[in-house]
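Visitor: Contents are mmCIF, C-alpha atoms and all ligand atoms; file name model-v4.cif:
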data_protein
loop_
_atom_site.label_atom_id
_atom_site.label_comp_id
_atom_site.auth_asym_id
_atom_site.auth_seq_id
_atom_site.Cartn_x
_atom_site.Cartn_y
_atom_site.Cartn_z
CA MET A 1 -5.35 16.81 -12.33
CA GLN A 2 -8.65 15.01 -12.92
CA LEU A 3 -9.43 11.91 -14.97
CA ASP A 4 -11.04 14.06 -17.69
CA ASP A 5 -7.78 16.02 -18.05
CA ILE A 6 -6.09 12.91 -19.43
CA ARG A 7 -6.33 13.07 -23.22
CA ARG A 8 -3.00 11.92 -24.57
CA VAL A 9 -1.18 8.77 -23.50
CA LEU A 10 2.50 8.37 -24.30
CA ILE A 11 3.83 4.85 -24.66
CA ILE A 12 7.60 4.75 -24.12
CA GLY A 13 8.93 1.59 -25.80
CA SER A 14 6.62 0.12 -28.43
CA GLY A 15 7.73 -3.54 -28.18
CA THR A 16 5.73 -6.58 -27.04
CA MET A 17 3.92 -4.82 -24.22
CA GLY A 18 4.03 -1.17 -25.27
CA GLN A 19 2.15 -1.72 -28.51
CA GLN A 20 -0.55 -3.74 -26.67
CA ILE A 21 -0.99 -1.18 -23.91
CA GLY A 22 -1.09 1.64 -26.44
CA PHE A 23 -3.72 -0.05 -28.56
CA HIS A 24 -5.84 -0.79 -25.50
CA CYS A 25 -5.70 2.89 -24.49
CA ALA A 26 -6.60 3.97 -28.03
CA ALA A 27 -9.52 1.54 -27.98
CA GLY A 28 -10.59 3.26 -24.76
CA GLY A 29 -10.80 6.59 -26.60
CA TYR A 30 -7.39 8.12 -25.86
CA ASP A 31 -4.95 9.71 -28.26
CA VAL A 32 -1.84 7.57 -28.14
CA VAL A 33 1.76 8.24 -29.11
CA TYR A 34 4.21 5.39 -29.50
CA TYR A 35 7.77 6.52 -28.82
CA ASP A 36 10.74 4.25 -29.57
CA ILE A 37 14.34 4.48 -30.73
CA SER A 38 13.81 3.76 -34.44
CA GLN A 39 11.14 4.32 -37.05
CA GLU A 40 11.38 0.66 -38.07
CA LEU A 41 10.39 -0.45 -34.55
CA LEU A 42 7.55 2.07 -34.55
CA ASP A 43 6.24 0.87 -37.92
CA ASN A 44 6.39 -2.68 -36.67
CA ALA A 45 4.43 -1.69 -33.55
CA VAL A 46 1.68 -0.19 -35.71
CA LYS A 47 1.51 -3.39 -37.78
CA ARG A 48 1.13 -5.41 -34.60
CA ALA A 49 -1.49 -3.01 -33.27
CA LYS A 50 -3.48 -3.67 -36.48
CA ARG A 51 -3.34 -7.40 -35.81
CA LEU A 52 -4.43 -6.77 -32.23
CA ALA A 53 -7.32 -4.66 -33.53
CA ASP A 54 -8.46 -7.64 -35.63
CA ARG A 55 -8.37 -9.84 -32.56
CA TYR A 56 -10.48 -7.35 -30.58
CA VAL A 57 -13.02 -7.36 -33.42
CA LYS A 58 -13.09 -11.18 -33.66
CA ALA A 59 -13.56 -11.40 -29.89
CA ASN A 60 -16.44 -8.86 -30.09
CA ARG A 61 -14.53 -6.44 -27.90
CA LEU A 62 -14.74 -3.75 -30.58
CA THR A 63 -16.83 -3.17 -33.71
CA PRO A 64 -14.78 -2.95 -36.93
CA GLU A 65 -15.53 0.80 -37.03
CA ALA A 66 -14.37 1.33 -33.43
CA ALA A 67 -11.20 -0.65 -34.16
CA ASP A 68 -10.46 1.60 -37.18
CA GLU A 69 -11.07 4.71 -35.07
CA ALA A 70 -8.73 3.38 -32.38
CA LEU A 71 -5.95 2.78 -34.92
CA LYS A 72 -6.41 6.33 -36.25
CA ARG A 73 -5.81 7.66 -32.72
CA ILE A 74 -2.31 6.09 -32.65
CA HIS A 75 0.64 8.25 -33.72
CA THR A 76 4.34 7.45 -33.67
CA THR A 77 7.53 9.43 -33.19
CA LYS A 78 11.16 8.92 -32.30
CA ASP A 79 11.50 12.56 -31.29
CA PRO A 80 11.26 12.79 -27.47
CA GLU A 81 10.14 16.46 -27.56
CA GLU A 82 7.26 15.72 -29.90
CA ALA A 83 6.38 12.61 -27.88
CA GLY A 84 6.35 14.23 -24.47
CA ARG A 85 5.30 17.85 -24.70
CA GLU A 86 1.55 17.20 -24.73
CA ALA A 87 1.48 13.89 -22.88
CA ASP A 88 -0.88 13.65 -19.89
CA PHE A 89 -0.13 10.06 -18.94
CA ILE A 90 2.95 7.91 -19.60
CA SER A 91 3.13 4.12 -19.71
CA GLU A 92 6.75 2.96 -19.97
CA SER A 93 7.65 -0.47 -21.40
CA ILE A 94 11.38 -0.35 -22.13
CA PRO A 95 13.84 -3.10 -21.11
CA GLU A 96 14.02 -4.27 -17.51
CA ASP A 97 16.94 -2.12 -16.34
CA PRO A 98 16.37 0.33 -13.48
CA GLU A 99 19.14 2.69 -14.62
CA LEU A 100 17.83 2.88 -18.16
CA LYS A 101 14.26 3.38 -16.95
CA GLY A 102 15.42 6.13 -14.57
CA ARG A 103 17.40 7.88 -17.32
CA VAL A 104 14.51 7.83 -19.78
CA PHE A 105 12.00 9.10 -17.20
CA ALA A 106 14.42 11.90 -16.21
CA GLN A 107 14.59 12.95 -19.86
CA PHE A 108 10.78 13.06 -20.07
CA ASN A 109 10.52 14.88 -16.76
CA ASP A 110 12.21 17.83 -18.49
CA ILE A 111 9.92 17.63 -21.52
CA CYS A 112 6.46 16.77 -20.14
CA PRO A 113 4.01 19.19 -18.51
CA GLU A 114 4.02 19.29 -14.73
CA HIS A 115 0.72 17.41 -14.44
CA THR A 116 1.83 14.35 -16.46
CA ILE A 117 1.50 11.05 -14.60
CA PHE A 118 4.41 8.62 -15.04
CA THR A 119 3.84 4.84 -14.86
CA THR A 120 6.10 1.86 -15.39
CA ASN A 121 5.10 -1.58 -16.65
CA THR A 122 8.11 -3.26 -15.02
CA SER A 123 7.64 -6.97 -14.25
CA SER A 124 10.32 -7.59 -11.69
CA LEU A 125 11.63 -4.26 -10.39
CA LYS A 126 10.22 -2.11 -7.60
CA PRO A 127 9.29 1.44 -8.67
CA SER A 128 11.22 2.84 -5.67
CA MET A 129 14.43 1.70 -7.41
CA PHE A 130 14.09 4.58 -9.88
CA ALA A 131 11.36 6.80 -8.36
CA ASP A 132 13.76 9.63 -7.52
CA ALA A 133 15.30 9.52 -10.98
CA THR A 134 11.89 10.30 -12.51
CA GLY A 135 12.11 13.78 -10.96
CA ARG A 136 8.43 13.52 -9.90
CA PRO A 137 8.20 10.59 -7.47
CA GLU A 138 4.79 11.66 -6.14
CA LYS A 139 3.30 11.36 -9.65
CA PHE A 140 4.92 8.00 -10.35
CA ALA A 141 3.79 4.38 -9.70
CA ALA A 142 3.83 0.96 -11.32
CA PHE A 143 0.88 0.21 -13.60
CA HIS A 144 1.53 -3.35 -14.69
CA PHE A 145 -0.26 -5.13 -17.50
CA HIS A 146 -0.52 -8.82 -18.25
CA ASP A 147 -1.38 -9.87 -21.81
CA VAL A 148 -4.32 -7.67 -22.92
CA ARG A 149 -5.39 -10.39 -25.38
CA ILE A 150 -6.29 -12.72 -22.53
CA THR A 151 -7.04 -10.63 -19.45
CA ASN A 152 -8.13 -7.20 -18.27
CA VAL A 153 -6.32 -7.59 -14.92
CA VAL A 154 -3.71 -4.90 -14.16
CA ASP A 155 -1.68 -4.20 -11.03
CA ILE A 156 -1.35 -0.72 -9.56
CA MET A 157 1.56 -0.52 -7.15
CA PRO A 158 2.72 2.73 -5.51
CA HIS A 159 6.18 3.22 -4.00
CA PRO A 160 6.36 4.92 -0.59
CA GLY A 161 6.55 8.40 -2.20
CA THR A 162 3.56 8.06 -4.58
CA SER A 163 0.74 10.45 -3.68
CA GLN A 164 -2.70 9.04 -2.94
CA GLU A 165 -4.10 11.34 -5.64
CA THR A 166 -1.87 9.65 -8.22
CA VAL A 167 -2.94 6.16 -7.12
CA LEU A 168 -6.63 7.10 -7.37
CA LEU A 169 -6.13 8.72 -10.75
CA ILE A 170 -4.40 5.63 -12.19
CA GLU A 171 -7.17 3.46 -10.75
CA ALA A 172 -9.86 5.64 -12.34
CA PHE A 173 -7.97 5.65 -15.65
CA ALA A 174 -7.71 1.85 -15.59
CA GLU A 175 -11.41 1.46 -14.94
CA ARG A 176 -12.32 3.91 -17.68
CA ILE A 177 -10.56 1.72 -20.25
CA GLY A 178 -12.27 -1.44 -18.99
CA LEU A 179 -9.46 -2.87 -16.90
CA LEU A 180 -9.71 -4.63 -13.55
CA PRO A 181 -7.15 -2.93 -11.28
CA ILE A 182 -5.62 -4.92 -8.44
CA MET A 183 -4.54 -2.35 -5.85
CA LEU A 184 -1.31 -3.06 -3.98
CA LYS A 185 -0.99 -1.31 -0.65
CA LYS A 186 2.80 -1.59 -0.69
CA GLU A 187 5.61 -2.63 -3.00
CA ASN A 188 5.95 -6.34 -3.59
CA TYR A 189 8.13 -8.25 -6.05
CA GLY A 190 5.86 -9.95 -8.58
CA TYR A 191 2.81 -7.85 -7.66
CA VAL A 192 -0.10 -10.15 -6.80
CA PHE A 193 -0.74 -12.68 -9.57
CA ASN A 194 2.92 -13.23 -10.49
CA ALA A 195 3.85 -13.62 -6.82
CA MET A 196 1.30 -16.43 -6.49
CA LEU A 197 2.29 -17.97 -9.83
CA MET A 198 5.98 -18.08 -8.83
CA GLU A 199 5.06 -20.02 -5.67
CA LEU A 200 3.08 -22.48 -7.79
CA PHE A 201 6.04 -22.90 -10.16
CA ARG A 202 8.39 -23.37 -7.24
CA ALA A 203 6.27 -26.17 -5.76
CA ALA A 204 5.75 -27.86 -9.14
CA GLN A 205 9.47 -27.69 -10.04
CA SER A 206 10.43 -29.12 -6.65
CA LEU A 207 8.02 -32.04 -6.98
CA ALA A 208 9.46 -32.89 -10.42
CA ALA A 209 13.12 -32.20 -9.55
CA LYS A 210 12.90 -34.45 -6.48
CA GLY A 211 11.22 -37.18 -8.54
CA VAL A 212 8.05 -37.15 -6.43
CA ALA A 213 5.78 -37.27 -9.51
CA SER A 214 6.01 -36.85 -13.29
CA VAL A 215 5.54 -33.48 -14.98
CA GLU A 216 2.32 -34.78 -16.54
CA ASP A 217 0.90 -36.03 -13.23
CA ILE A 218 1.77 -32.76 -11.48
CA ASP A 219 -0.14 -30.89 -14.19
CA ARG A 220 -3.00 -33.41 -14.02
CA ALA A 221 -3.29 -32.86 -10.26
CA TRP A 222 -3.63 -29.10 -10.72
CA MET A 223 -5.91 -29.26 -13.75
CA GLY A 224 -8.11 -31.98 -12.30
CA VAL A 225 -8.80 -30.20 -9.02
CA MET A 226 -8.81 -26.60 -10.23
CA HIS A 227 -10.57 -27.27 -13.58
CA THR A 228 -8.02 -25.22 -15.52
CA PRO A 229 -6.99 -25.83 -19.15
CA MET A 230 -3.32 -26.19 -18.23
CA GLY A 231 -1.18 -26.98 -15.23
CA PRO A 232 2.01 -25.31 -13.97
CA PHE A 233 4.32 -26.95 -16.53
CA GLY A 234 1.97 -26.11 -19.39
CA ILE A 235 1.96 -22.50 -18.19
CA MET A 236 5.77 -22.45 -17.98
CA ASP A 237 5.92 -23.72 -21.57
CA SER A 238 3.67 -20.87 -22.70
CA ILE A 239 5.82 -18.23 -20.94
CA GLY A 240 9.12 -19.66 -22.23
CA LEU A 241 11.42 -21.92 -20.19
CA ASP A 242 14.37 -19.54 -20.67
CA THR A 243 12.40 -16.74 -18.98
CA VAL A 244 11.20 -19.03 -16.18
CA TRP A 245 14.73 -20.39 -15.67
CA LYS A 246 16.20 -16.86 -15.52
CA ILE A 247 13.76 -15.79 -12.80
CA THR A 248 14.20 -19.04 -10.84
CA ASP A 249 17.98 -18.86 -11.10
CA TYR A 250 18.13 -15.16 -10.16
CA TRP A 251 16.16 -15.61 -6.92
CA ALA A 252 17.83 -18.93 -6.07
CA ASN A 253 21.25 -17.25 -6.19
CA LYS A 254 20.13 -14.05 -4.53
CA LEU A 255 18.59 -15.90 -1.59
CA GLN A 256 21.04 -18.84 -1.68
CA ASP A 257 18.04 -21.12 -1.32
CA LYS A 258 19.01 -24.79 -1.78
CA ASN A 259 15.61 -25.96 -3.01
CA ALA A 260 15.39 -23.12 -5.50
CA LEU A 261 18.95 -23.80 -6.74
CA ALA A 262 17.95 -27.42 -7.42
CA ASN A 263 14.84 -26.16 -9.25
CA ALA A 264 17.01 -23.86 -11.38
CA GLU A 265 19.28 -26.81 -12.25
CA PHE A 266 16.21 -28.83 -13.25
CA MET A 267 14.96 -26.02 -15.52
CA LYS A 268 18.42 -25.44 -17.01
CA GLN A 269 18.49 -28.91 -18.60
CA TYR A 270 15.58 -27.88 -20.82
CA VAL A 271 17.11 -24.51 -21.66
CA ASP A 272 20.50 -26.07 -22.51
CA SER A 273 18.88 -28.48 -24.93
CA GLY A 274 17.02 -25.67 -26.68
CA HIS A 275 13.60 -26.82 -25.42
CA LEU A 276 12.20 -23.43 -24.52
CA GLY A 277 8.50 -24.24 -24.60
CA ALA A 278 5.72 -23.51 -27.09
CA LYS A 279 7.85 -20.98 -29.01
CA THR A 280 10.41 -23.65 -30.02
CA GLY A 281 7.85 -26.46 -30.48
CA GLN A 282 9.19 -28.39 -27.50
CA GLY A 283 9.34 -27.77 -23.79
CA PHE A 284 7.81 -30.00 -21.17
CA TYR A 285 5.34 -30.83 -23.95
CA ARG A 286 5.46 -30.99 -27.75
CA TYR A 287 3.68 -28.27 -29.76
CA PRO A 288 1.43 -27.36 -31.52
CA ASP A 289 -0.65 -30.18 -29.95
CA PRO A 290 0.53 -30.50 -26.36
CA ALA A 291 -0.66 -33.65 -24.58
CA TYR A 292 -2.40 -31.65 -21.84
CA ALA A 293 -4.76 -30.12 -24.43
CA ASN A 294 -5.90 -33.50 -25.72
CA PRO A 295 -9.21 -34.86 -24.56
CA GLY A 296 -8.33 -37.80 -22.39
CA PHE A 297 -5.35 -36.20 -20.63
CA LEU A 298 -7.35 -36.12 -17.44
CA GLU A 299 -8.58 -39.68 -17.81
CA LYS A 300 -6.24 -42.11 -16.13
CA LYS A 301 -3.35 -42.64 -18.47
CA SER A 302 -3.02 -46.31 -17.41
CA LYS A 303 -0.13 -48.48 -18.58
CA LYS A 304 2.36 -45.97 -19.96
N1 LIG A 401 6.78 -9.38 -22.19
C1 LIG A 401 5.93 -9.56 -21.19
O1 LIG A 401 5.22 -10.58 -21.11
C2 LIG A 401 5.80 -8.50 -20.11
C3 LIG A 401 4.65 -8.50 -19.29
C4 LIG A 401 4.51 -7.48 -18.33
C5 LIG A 401 5.50 -6.52 -18.18
N2 LIG A 401 6.62 -6.55 -18.98
C6 LIG A 401 7.61 -5.50 -18.78
O2 LIG A 401 7.46 -4.56 -19.84
C7 LIG A 401 8.72 -3.96 -20.16
C8 LIG A 401 9.02 -4.15 -21.63
O3 LIG A 401 8.97 -5.52 -21.94
P1 LIG A 401 8.69 -6.02 -23.42
O4 LIG A 401 8.52 -7.50 -23.32
O5 LIG A 401 7.63 -5.19 -24.07
O6 LIG A 401 10.11 -5.69 -24.10
P2 LIG A 401 10.47 -5.55 -25.65
O7 LIG A 401 11.91 -5.85 -25.74
O8 LIG A 401 9.51 -6.30 -26.50
O9 LIG A 401 10.24 -3.98 -25.94
C9 LIG A 401 11.05 -2.98 -25.39
C10 LIG A 401 11.04 -1.78 -26.32
O10 LIG A 401 11.72 -0.69 -25.71
C11 LIG A 401 12.45 -0.02 -26.69
N3 LIG A 401 13.50 0.79 -26.09
C12 LIG A 401 14.72 0.41 -25.63
N4 LIG A 401 15.39 1.48 -25.15
C13 LIG A 401 14.58 2.55 -25.31
C14 LIG A 401 14.71 3.93 -25.02
N5 LIG A 401 15.81 4.42 -24.46
N6 LIG A 401 13.68 4.75 -25.33
C15 LIG A 401 12.55 4.26 -25.90
N7 LIG A 401 12.37 2.97 -26.20
C16 LIG A 401 13.38 2.11 -25.90
C17 LIG A 401 12.98 -1.13 -27.58
O11 LIG A 401 13.42 -0.65 -28.81
C18 LIG A 401 11.75 -2.04 -27.65
O12 LIG A 401 10.91 -1.72 -28.75
C19 LIG A 401 9.75 -4.60 -19.22
O13 LIG A 401 9.91 -3.80 -18.09
C20 LIG A 401 9.07 -5.92 -18.84
O14 LIG A 401 9.50 -6.41 -17.60
C21 LIG A 401 6.78 -7.51 -19.95
#
Can you dump the structure from the file as structure tokens?

Guide:
Amino acid sequence: MQLDDIRRVLIIGSGTMGQQIGFHCAAGGYDVVYYDISQELLDNAVKRAKRLADRYVKANRLTPEAADEALKRIHTTKDPEEAGREADFISESIPEDPELKGRVFAQFNDICPEHTIFTTNTSSLKPSMFADATGRPEKFAAFHFHDVRITNVVDIMPHPGTSQETVLLIEAFAERIGLLPIMLKKENYGYVFNAMLMELFRAAQSLAAKGVASVEDIDRAWMGVMHTPMGPFGIMDSIGLDTVWKITDYWANKLQDKNALANAEFMKQYVDSGHLGAKTGQGFYRYPDPAYANPGFLEKKSKK
């Protein structure tokens, strides 16, 4: 299997991430099939892909003509046979459940040609948890996207049974569609960027939970030194405090880590009061005009 043999990309699960990944592949010249469990979800994915196409045009990432061509390359089906029989490359974005992912891959293992490469976009699982269930562990690895609207960084993470040929093929595929692949040499929870981000969150939450400094001053410290548009609490607001709390709480309990348990308690207060971040208009900051985005946030706030 060579890079040029990849013509059709199958997106399993056309939700938040699947529709983005599919559009990005279509923009890179590939035929794309969205597969999901209902036609309504598929129609919705196509609508969202159209909005994404507009964003690519506005950002000068595509001409209007190229965006139209990309949309024409996207097809949808809820029939697994139709979805899988001519697929050369799969990107899976279904819910974060290793059993479900394993079951769906096993189903496609029976349908897809032998050469088809299987990839998962999982955020928090290791591919080895369901590699055997795919029926083709050597042709399977994690190929993890962030938000394609803001970054071209992707993680490529093999499990111990992934063949080197598969890793190189996914890397070449990523580069062909303009992505910046970060190559993991072994499995790691959180890949590379998320692993670093979680450590930043952990430190920031601890500083606030222990009352060492205010949320605003913790963000100011990060933004002021690193010259970034937001600090750790601003980033947590943009992700959603429910999501951040869930991850913090899961690891705190799994590792029985006292500091992390206190951090989870600190986050839970916000979740319990319905302050989930930018999506609810209130998190650590108020939206749509969070204080950290105002000019002057980094000037000394004096007598507050
Ligand atoms: N949301 C993010 O920011 C993000 C970022 C990177 C990775 N991920 C990962 O991507 C995956 C999907 O996340 P999401 O946020 O896109 O979820 P989502 O809930 O928006 O979409 C999941 C889709 O999968 C479909 N689905 C469920 N069961 C299915 C089945 N048996 N067959 C086919 N489709 C099925 C659902 O109908 C839905 O459309 C998860 O593994 C998640 O960890 C998410």

Visitor: Collect all residues with atoms no farther than 8 Å from ligand LIG 401 (chain A), counting all atoms listed in the file, and output them as number ranges by chain.

Guide: A: 12-19, 35-38, 41-42, 92-97, 100-101, 104, 120-125, 144-147, 239

Visitor: Calculate how many Å separate CA of Gly277 (chain A) from CA of Val192 (chain A), rounding to one decimal.

Guide: 24.3 Å

Visitor: Find the residue from A:Val9, A:Leu197, A:Ala174, A:Ala278 that sits nearest to Cys112 (chain A); use all atoms listed in the file when measuring.

Guide: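 Ranked by minimum distance to Cys112 (chain A), first place goes to A:Val9.
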
Visitor: Need the neighbours of (-10.1, 0.4, -37.2): which residues are at most 12 Å away, counting only C-alpha atoms, as a list in words?

Guide: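 With a cut-off of 12 Å, the residues come to Phe23, Ala26, Ala27, Val46, Ala49, Lys50, Arg51, Leu52, Ala53, Asp54, Arg55, Tyr56, Val57, Leu62, Thr63, Pro64, Glu65, Ala66, Ala67, Asp68, Glu69, Ala70, Leu71, Lys72, Arg73 and Ile74 of chain A.
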
Visitor: Within 12 Å of (13.2, 0.5, -7.2), only C-alpha atoms: residues as JSON, numbers by chain?

Guide: {"A": [96, 97, 98, 99, 101, 102, 120, 122, 123, 124, 125, 126, 127, 128, 129, 130, 131, 132, 133, 134, 137, 140, 141, 142, 157, 158, 159, 160, 161, 187, 188, 189]}

Visitor: Output the selection as a short mmCIF file (atom, residue, chain, number, x, y, z; two decimals), in the coordinates of the input - C-alpha atoms for each residue.

Guide:
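Output contents, as saved in out_4.cif:
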data_model
loop_
_atom_site.label_atom_id
_atom_site.label_comp_id
_atom_site.auth_asym_id
_atom_site.auth_seq_id
_atom_site.Cartn_x
_atom_site.Cartn_y
_atom_site.Cartn_z
CA GLU A 96 14.02 -4.27 -17.51
CA ASP A 97 16.94 -2.12 -16.34
CA PRO A 98 16.37 0.33 -13.48
CA GLU A 99 19.14 2.69 -14.62
CA LYS A 101 14.26 3.38 -16.95
CA GLY A 102 15.42 6.13 -14.57
CA THR A 120 6.10 1.86 -15.39
CA THR A 122 8.11 -3.26 -15.02
CA SER A 123 7.64 -6.97 -14.25
CA SER A 124 10.32 -7.59 -11.69
CA LEU A 125 11.63 -4.26 -10.39
CA LYS A 126 10.22 -2.11 -7.60
CA PRO A 127 9.29 1.44 -8.67
CA SER A 128 11.22 2.84 -5.67
CA MET A 129 14.43 1.70 -7.41
CA PHE A 130 14.09 4.58 -9.88
CA ALA A 131 11.36 6.80 -8.36
CA ASP A 132 13.76 9.63 -7.52
CA ALA A 133 15.30 9.52 -10.98
CA THR A 134 11.89 10.30 -12.51
CA PRO A 137 8.20 10.59 -7.47
CA PHE A 140 4.92 8.00 -10.35
CA ALA A 141 3.79 4.38 -9.70
CA ALA A 142 3.83 0.96 -11.32
CA MET A 157 1.56 -0.52 -7.15
CA PRO A 158 2.72 2.73 -5.51
CA HIS A 159 6.18 3.22 -4.00
CA PRO A 160 6.36 4.92 -0.59
CA GLY A 161 6.55 8.40 -2.20
CA GLU A 187 5.61 -2.63 -3.00
CA ASN A 188 5.95 -6.34 -3.59
CA TYR A 189 8.13 -8.25 -6.05
#

Visitor: Determine, counting all atoms listed in the file, which protein, DNA and RNA residues have an atom within 12 Å of an atom of Val244 (chain A); residues of the same chain fewer than 4 positions away are not included. Present the result as a compact mmCIF listing (two decimals) with C-alpha atoms, in the coordinates of the input.

Guide:
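The result, written out as around.txt:
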# COMPACT_ATOMS: atom_id res chain seq x y z
CA ASN A 194 2.92 -13.23 -10.49
CA LEU A 197 2.29 -17.97 -9.83
CA MET A 198 5.98 -18.08 -8.83
CA PHE A 201 6.04 -22.90 -10.16
CA ARG A 202 8.39 -23.37 -7.24
CA GLN A 205 9.47 -27.69 -10.04
CA PRO A 232 2.01 -25.31 -13.97
CA PHE A 233 4.32 -26.95 -16.53
CA ILE A 235 1.96 -22.50 -18.19
CA MET A 236 5.77 -22.45 -17.98
CA ASP A 237 5.92 -23.72 -21.57
CA SER A 238 3.67 -20.87 -22.70
CA ILE A 239 5.82 -18.23 -20.94
CA GLY A 240 9.12 -19.66 -22.23
CA THR A 248 14.20 -19.04 -10.84
CA ASP A 249 17.98 -18.86 -11.10
CA TYR A 250 18.13 -15.16 -10.16
CA TRP A 251 16.16 -15.61 -6.92
CA ASN A 263 14.84 -26.16 -9.25
CA ALA A 264 17.01 -23.86 -11.38
CA GLU A 265 19.28 -26.81 -12.25
CA PHE A 266 16.21 -28.83 -13.25
CA MET A 267 14.96 -26.02 -15.52
CA LYS A 268 18.42 -25.44 -17.01
CA TYR A 270 15.58 -27.88 -20.82
CA VAL A 271 17.11 -24.51 -21.66
CA LEU A 276 12.20 -23.43 -24.52
CA GLY A 277 8.50 -24.24 -24.60
CA GLY A 283 9.34 -27.77 -23.79

Visitor: Which value, in Å to one decimal, gives the distance between CA of Pro290 (chain A) and CA of Gln20 (chain A)?

Guide: 26.8 Å

Visitor: For region 107-124 of chain A of the structure just presented, write N, CA and C atoms to a file, as a compact mmCIF listing (two decimals), in the first residue's frame.

Guide:
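File produced: part-v7.txt:
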# COMPACT_ATOMS: atom_id res chain seq x y z
N GLN A 107 -16.56 -4.69 12.79
CA GLN A 107 -17.58 -4.73 11.74
C GLN A 107 -16.95 -4.28 10.40
N PHE A 108 -16.16 -3.21 10.45
CA PHE A 108 -15.56 -2.70 9.21
C PHE A 108 -14.39 -3.58 8.74
N ASN A 109 -13.80 -4.31 9.66
CA ASN A 109 -12.74 -5.24 9.25
C ASN A 109 -13.30 -6.28 8.28
N ASP A 110 -14.55 -6.68 8.50
CA ASP A 110 -15.19 -7.67 7.62
C ASP A 110 -15.58 -7.06 6.28
N ILE A 111 -15.82 -5.76 6.26
CA ILE A 111 -16.33 -5.12 5.05
C ILE A 111 -15.21 -4.54 4.17
N CYS A 112 -14.20 -3.94 4.80
CA CYS A 112 -13.19 -3.18 4.05
C CYS A 112 -12.20 -4.10 3.34
N PRO A 113 -11.57 -3.58 2.27
CA PRO A 113 -10.49 -4.33 1.62
C PRO A 113 -9.35 -4.57 2.61
N GLU A 114 -8.52 -5.54 2.26
CA GLU A 114 -7.41 -5.90 3.16
C GLU A 114 -6.44 -4.75 3.39
N HIS A 115 -6.27 -3.89 2.37
CA HIS A 115 -5.24 -2.84 2.48
C HIS A 115 -5.67 -1.65 3.33
N THR A 116 -6.95 -1.56 3.67
CA THR A 116 -7.47 -0.34 4.33
C THR A 116 -6.78 -0.08 5.67
N ILE A 117 -6.34 1.16 5.84
CA ILE A 117 -5.70 1.58 7.09
C ILE A 117 -6.79 2.07 8.04
N PHE A 118 -6.72 1.65 9.30
CA PHE A 118 -7.70 2.04 10.31
C PHE A 118 -7.05 3.02 11.30
N THR A 119 -7.67 4.19 11.51
CA THR A 119 -7.14 5.11 12.53
C THR A 119 -8.25 5.56 13.46
N THR A 120 -7.86 5.85 14.70
CA THR A 120 -8.83 6.35 15.67
C THR A 120 -8.43 7.76 16.10
N ASN A 121 -9.44 8.58 16.34
CA ASN A 121 -9.21 9.96 16.79
C ASN A 121 -9.39 10.07 18.31
N THR A 122 -9.35 8.95 19.01
CA THR A 122 -9.59 8.99 20.46
C THR A 122 -8.76 10.06 21.16
N SER A 123 -9.36 10.70 22.19
CA SER A 123 -8.62 11.72 22.94
C SER A 123 -7.90 11.10 24.13
N SER A 124 -8.59 10.17 24.80
CA SER A 124 -8.07 9.76 26.10
C SER A 124 -7.81 8.27 26.24
